[in-house]
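Peer 1: Sharing a structure here in structure tokens format.
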Amino acid sequence: MALRIVRLGSPRHPEEGLRIGTVRRPPRGVAKDQFAALDFYDVWFPDLAPSEELLRWAHGQALDEKHWKVFARRYQAEMKSPETRRALDLIAALSHRTNLSVGCYCADEARCHRTLLRDLLIKHGARISR
């Protein structure tokens, strides 16, 4: 049993399990009943996505190293609320009992909140699959 960090819309790994979309918005131009069939996600969970404000800021920047560090710091601060910590604890606990995955649409994982989310989930005790 383990958790995978994935790019939404990418082909699923055979043992991936439930795919959770940690994104602020559903995929554009895709019917809701096709989200899972097209490998986006089974469950939409925007609670672990960056805020609208942070996304607007990030999309207005070239995410060079300096801006990425600012984004990371701001996202990590957003993930400190009691509600968010409970969500992180839940996903981390589930990773020891079942296969599941979380993800985002970004092509560049190195400049995507899912990289930061992976680190947060590890800190909360998640079992991560490589």
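Letters A, B, ... go to the chains of the structure tokens in the order shown; residues in each chain start at 1; ligands are counted from 1 in the same order.
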Can you list, as number ranges by chain, every protein, DNA or RNA residue that comes within 6 Å of Asn99 in chain A when you count only C-alpha atoms, leaving out same-chain residues fewer than 5 positions away?
Peer 2: A: 1-3, 16-17
Peer 1: Which residues in chain A does DSSP call alpha helix (DSSP H)? List them as JSON, numbers by chain.
Peer 2: {"A": [52, 53, 54, 55, 56, 57, 58, 59, 65, 66, 67, 68, 69, 70, 71, 72, 73, 74, 75, 76, 77, 78, 82, 83, 84, 85, 86, 87, 88, 89, 90, 91, 92, 93, 94, 113, 114, 115, 116, 117, 118, 119, 120, 121, 122, 123]}
Peer 1: Tell me, as a list in words, which residues lie within 7 Å of Gly103 in chain A, counting only C-alpha atoms; anything in the same chain fewer than 6 positions away does not count.
Peer 2: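 Selected residues are Ile5, Val6, Arg7, Leu8, Ile20, Gly21, Thr22 and Arg114 of chain A.
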Peer 1: Would you kindly return, as a CSV table (one decimal) with all heavy atoms, in the first residue's frame, each protein, DNA or RNA residue with an atom no farther than 12 Å from any atom of Glu52 in chain A, considering only C-alpha atoms and excluding same-chain residues fewer than 6 positions away?
Peer 2:
```csv
chain,number,residue,atom,x,y,z
A,23,VAL,N,-6.3,20.0,-7.1
A,23,VAL,CA,-6.2,21.2,-8.0
A,23,VAL,C,-7.4,22.1,-7.6
A,23,VAL,O,-8.4,21.7,-7.1
A,23,VAL,CB,-6.3,20.8,-9.4
A,23,VAL,CG1,-5.0,20.1,-9.9
A,23,VAL,CG2,-7.5,19.9,-9.7
A,24,ARG,N,-7.2,23.4,-7.9
A,24,ARG,CA,-8.2,24.4,-7.6
A,24,ARG,C,-9.4,24.3,-8.5
A,24,ARG,O,-10.6,24.6,-8.1
A,24,ARG,CB,-7.6,25.8,-7.7
A,24,ARG,CG,-8.4,26.9,-7.2
A,24,ARG,CD,-8.9,26.9,-5.8
A,24,ARG,NE,-7.9,26.6,-4.8
A,24,ARG,CZ,-8.2,26.2,-3.6
A,24,ARG,NH1,-9.5,26.1,-3.2
A,24,ARG,NH2,-7.3,25.9,-2.7
A,25,ARG,N,-9.2,23.9,-9.8
A,25,ARG,CA,-10.3,23.8,-10.8
A,25,ARG,C,-10.3,22.5,-11.5
A,25,ARG,O,-9.3,21.9,-11.8
A,25,ARG,CB,-10.2,25.0,-11.8
A,25,ARG,CG,-10.3,26.3,-11.1
A,25,ARG,CD,-10.7,27.4,-12.2
A,25,ARG,NE,-11.0,28.6,-11.5
A,25,ARG,CZ,-10.2,29.7,-11.6
A,25,ARG,NH1,-9.2,29.7,-12.4
A,25,ARG,NH2,-10.5,30.8,-10.9
A,46,PRO,N,-9.9,20.1,-3.7
A,46,PRO,CA,-9.1,21.3,-3.9
A,46,PRO,C,-8.6,21.9,-2.5
A,46,PRO,O,-7.8,22.8,-2.5
A,46,PRO,CB,-10.2,22.3,-4.4
A,46,PRO,CG,-11.5,21.8,-4.0
A,46,PRO,CD,-11.3,20.3,-4.0
A,58,ALA,N,1.3,33.3,-9.0
A,58,ALA,CA,2.2,32.5,-9.7
A,58,ALA,C,2.1,32.5,-11.2
A,58,ALA,O,3.1,32.5,-11.9
A,58,ALA,CB,2.1,31.0,-9.2
A,59,HIS,N,0.9,32.6,-11.7
A,59,HIS,CA,0.7,32.6,-13.2
A,59,HIS,C,1.1,34.0,-13.7
A,59,HIS,O,1.4,34.1,-14.9
A,59,HIS,CB,-0.8,32.3,-13.5
A,59,HIS,CG,-1.1,30.9,-13.3
A,59,HIS,ND1,-2.4,30.5,-12.9
A,59,HIS,CD2,-0.3,29.8,-13.3
A,59,HIS,CE1,-2.4,29.2,-12.8
A,59,HIS,NE2,-1.2,28.7,-13.0
A,75,TYR,N,2.8,28.6,-0.2
A,75,TYR,CA,1.9,27.4,-0.2
A,75,TYR,C,2.1,26.7,1.1
A,75,TYR,O,1.1,26.2,1.7
A,75,TYR,CB,2.3,26.5,-1.4
A,75,TYR,CG,1.6,25.2,-1.4
A,75,TYR,CD1,0.3,25.1,-1.8
A,75,TYR,CD2,2.3,24.0,-1.1
A,75,TYR,CE1,-0.4,23.9,-1.8
A,75,TYR,CE2,1.6,22.8,-1.1
A,75,TYR,CZ,0.3,22.7,-1.5
A,75,TYR,OH,-0.4,21.5,-1.4
A,78,GLU,N,0.0,28.2,3.6
A,78,GLU,CA,-1.4,27.9,3.5
A,78,GLU,C,-1.8,26.5,4.0
A,78,GLU,O,-2.9,26.2,4.4
A,78,GLU,CB,-1.8,27.9,2.0
A,78,GLU,CG,-1.8,29.3,1.4
A,78,GLU,CD,-2.2,29.4,-0.1
A,78,GLU,OE1,-2.3,28.4,-0.7
A,78,GLU,OE2,-2.3,30.5,-0.6
```
Peer 1: Just asking: which residues within range 29-116 of chain A are strand (DSSP E or B) according to DSSP, as a list in words?
Peer 2: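 Selection result, strand (DSSP E or B) within range 29-116 of chain A: Val43, Trp44, Leu100, Ser101, Val102, Gly103 and Cys104 of chain A.
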Peer 1: Just want the 12 Å neighbourhood of Thr98 in chain A, counted on only C-alpha atoms, with same-chain residues fewer than 3 positions away dropped. Output as a list in words.
Peer 2: Met1, Ala2, Leu3, Arg4, Glu15, Glu16, Gly17, Leu18, Arg19, Leu90, Ile91, Ala92, Ala93, Leu94, Ser95, Ser101, Ala126, Arg127, Ile128 and Ser129 of chain A
Peer 1: I need the residues from that last selection saved to file as an mmCIF file, in the first residue's frame (with N, CA, C and O atoms), if you can.
Peer 2:
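Dumped to out-v5.cif:
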```cif
data_model
loop_
_atom_site.group_PDB
_atom_site.id
_atom_site.type_symbol
_atom_site.label_atom_id
_atom_site.label_comp_id
_atom_site.auth_asym_id
_atom_site.auth_seq_id
_atom_site.Cartn_x
_atom_site.Cartn_y
_atom_site.Cartn_z
ATOM 1 N N MET A 1 0.832 -1.172 0.000
ATOM 2 C CA MET A 1 0.000 0.000 0.000
ATOM 3 C C MET A 1 0.884 1.246 0.000
ATOM 4 O O MET A 1 1.864 1.284 0.722
ATOM 5 N N ALA A 2 0.514 2.219 -0.809
ATOM 6 C CA ALA A 2 1.331 3.427 -0.858
ATOM 7 C C ALA A 2 0.623 4.529 -1.634
ATOM 8 O O ALA A 2 -0.385 4.309 -2.298
ATOM 9 N N LEU A 3 1.206 5.695 -1.557
ATOM 10 C CA LEU A 3 0.713 6.895 -2.219
ATOM 11 C C LEU A 3 1.631 7.242 -3.382
ATOM 12 O O LEU A 3 2.856 7.209 -3.235
ATOM 13 N N ARG A 4 1.049 7.557 -4.514
ATOM 14 C CA ARG A 4 1.807 8.036 -5.671
ATOM 15 C C ARG A 4 1.491 9.506 -5.887
ATOM 16 O O ARG A 4 0.372 9.941 -5.658
ATOM 17 N N GLU A 15 -1.271 -0.161 -10.223
ATOM 18 C CA GLU A 15 -1.541 -0.272 -8.786
ATOM 19 C C GLU A 15 -1.748 1.087 -8.131
ATOM 20 O O GLU A 15 -1.575 1.238 -6.926
ATOM 21 N N GLU A 16 -2.174 2.047 -8.926
ATOM 22 C CA GLU A 16 -2.287 3.417 -8.416
ATOM 23 C C GLU A 16 -3.421 3.602 -7.415
ATOM 24 O O GLU A 16 -3.310 4.384 -6.486
ATOM 25 N N GLY A 17 -4.532 2.948 -7.599
ATOM 26 C CA GLY A 17 -5.662 3.130 -6.693
ATOM 27 C C GLY A 17 -6.426 4.401 -6.986
ATOM 28 O O GLY A 17 -6.378 4.941 -8.097
ATOM 29 N N LEU A 18 -7.130 4.891 -5.992
ATOM 30 C CA LEU A 18 -7.947 6.093 -6.119
ATOM 31 C C LEU A 18 -7.077 7.290 -6.461
ATOM 32 O O LEU A 18 -6.057 7.529 -5.810
ATOM 33 N N ARG A 19 -7.470 8.056 -7.478
ATOM 34 C CA ARG A 19 -6.716 9.248 -7.886
ATOM 35 C C ARG A 19 -7.450 10.487 -7.381
ATOM 36 O O ARG A 19 -8.623 10.692 -7.676
ATOM 37 N N LEU A 90 -5.023 12.515 7.129
ATOM 38 C CA LEU A 90 -5.915 11.496 6.575
ATOM 39 C C LEU A 90 -5.277 10.799 5.378
ATOM 40 O O LEU A 90 -5.243 9.562 5.312
ATOM 41 N N ILE A 91 -4.771 11.574 4.435
ATOM 42 C CA ILE A 91 -4.158 10.971 3.247
ATOM 43 C C ILE A 91 -2.920 10.163 3.634
ATOM 44 O O ILE A 91 -2.698 9.065 3.113
ATOM 45 N N ALA A 92 -2.136 10.685 4.565
ATOM 46 C CA ALA A 92 -0.956 9.943 5.027
ATOM 47 C C ALA A 92 -1.372 8.610 5.658
ATOM 48 O O ALA A 92 -0.771 7.566 5.368
ATOM 49 N N ALA A 93 -2.401 8.620 6.483
ATOM 50 C CA ALA A 93 -2.863 7.377 7.114
ATOM 51 C C ALA A 93 -3.404 6.404 6.074
ATOM 52 O O ALA A 93 -3.118 5.205 6.128
ATOM 53 N N LEU A 94 -4.161 6.902 5.105
ATOM 54 C CA LEU A 94 -4.700 6.039 4.058
ATOM 55 C C LEU A 94 -3.595 5.373 3.244
ATOM 56 O O LEU A 94 -3.766 4.247 2.780
ATOM 57 N N SER A 95 -2.466 6.063 3.105
ATOM 58 C CA SER A 95 -1.371 5.508 2.308
ATOM 59 C C SER A 95 -0.793 4.232 2.923
ATOM 60 O O SER A 95 -0.095 3.480 2.240
ATOM 61 N N SER A 101 -3.456 7.999 -5.055
ATOM 62 C CA SER A 101 -2.551 8.975 -5.649
ATOM 63 C C SER A 101 -3.145 10.371 -5.517
ATOM 64 O O SER A 101 -4.364 10.533 -5.402
ATOM 65 N N ALA A 126 3.191 9.792 5.464
ATOM 66 C CA ALA A 126 2.721 9.020 4.304
ATOM 67 C C ALA A 126 3.772 8.052 3.805
ATOM 68 O O ALA A 126 4.978 8.326 3.877
ATOM 69 N N ARG A 127 3.307 6.939 3.290
ATOM 70 C CA ARG A 127 4.157 5.969 2.616
ATOM 71 C C ARG A 127 4.075 6.291 1.127
ATOM 72 O O ARG A 127 3.042 6.130 0.502
ATOM 73 N N ILE A 128 5.184 6.750 0.564
ATOM 74 C CA ILE A 128 5.226 7.206 -0.833
ATOM 75 C C ILE A 128 5.827 6.117 -1.717
ATOM 76 O O ILE A 128 6.873 5.565 -1.403
ATOM 77 N N SER A 129 5.151 5.847 -2.819
ATOM 78 C CA SER A 129 5.663 4.911 -3.806
ATOM 79 C C SER A 129 6.522 5.666 -4.798
ATOM 80 O O SER A 129 6.182 6.767 -5.225
#
```
Peer 1: Separation of CA of Leu48 in chain A and CA of Leu88 in chain A, in Å?
Peer 2: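 So the two atoms, CA of Leu48 in chain A and CA of Leu88 in chain A, lie 8.1 Å apart.
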Peer 1: Which is closest to Arg73 in chain A among A:Ala31, A:Ala87, A:Leu54, A:Ile122, if we use only C-alpha atoms?
Peer 2: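 Of all the options, A:Leu54 lies closest to Arg73 in chain A.
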Peer 1: Write out as a list of chain:residue names which residues come within 8 Å of Asp39 in chain A when counting only C-alpha atoms, dropping same-chain ones fewer than 2 positions away.
Peer 2: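 In the requested form, the answer reads A:Leu8, A:Gly9, A:Ser10, A:Pro11, A:Arg12, A:Phe35, A:Ala36, A:Ala37, A:Tyr41.
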Peer 1: Grab the CA of Leu38 in chain A to CA of Ser51 in chain A distance for me, in Å with one decimal place.
Peer 2: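 Taking CA of Leu38 in chain A and CA of Ser51 in chain A, their separation equals 25.2 Å.
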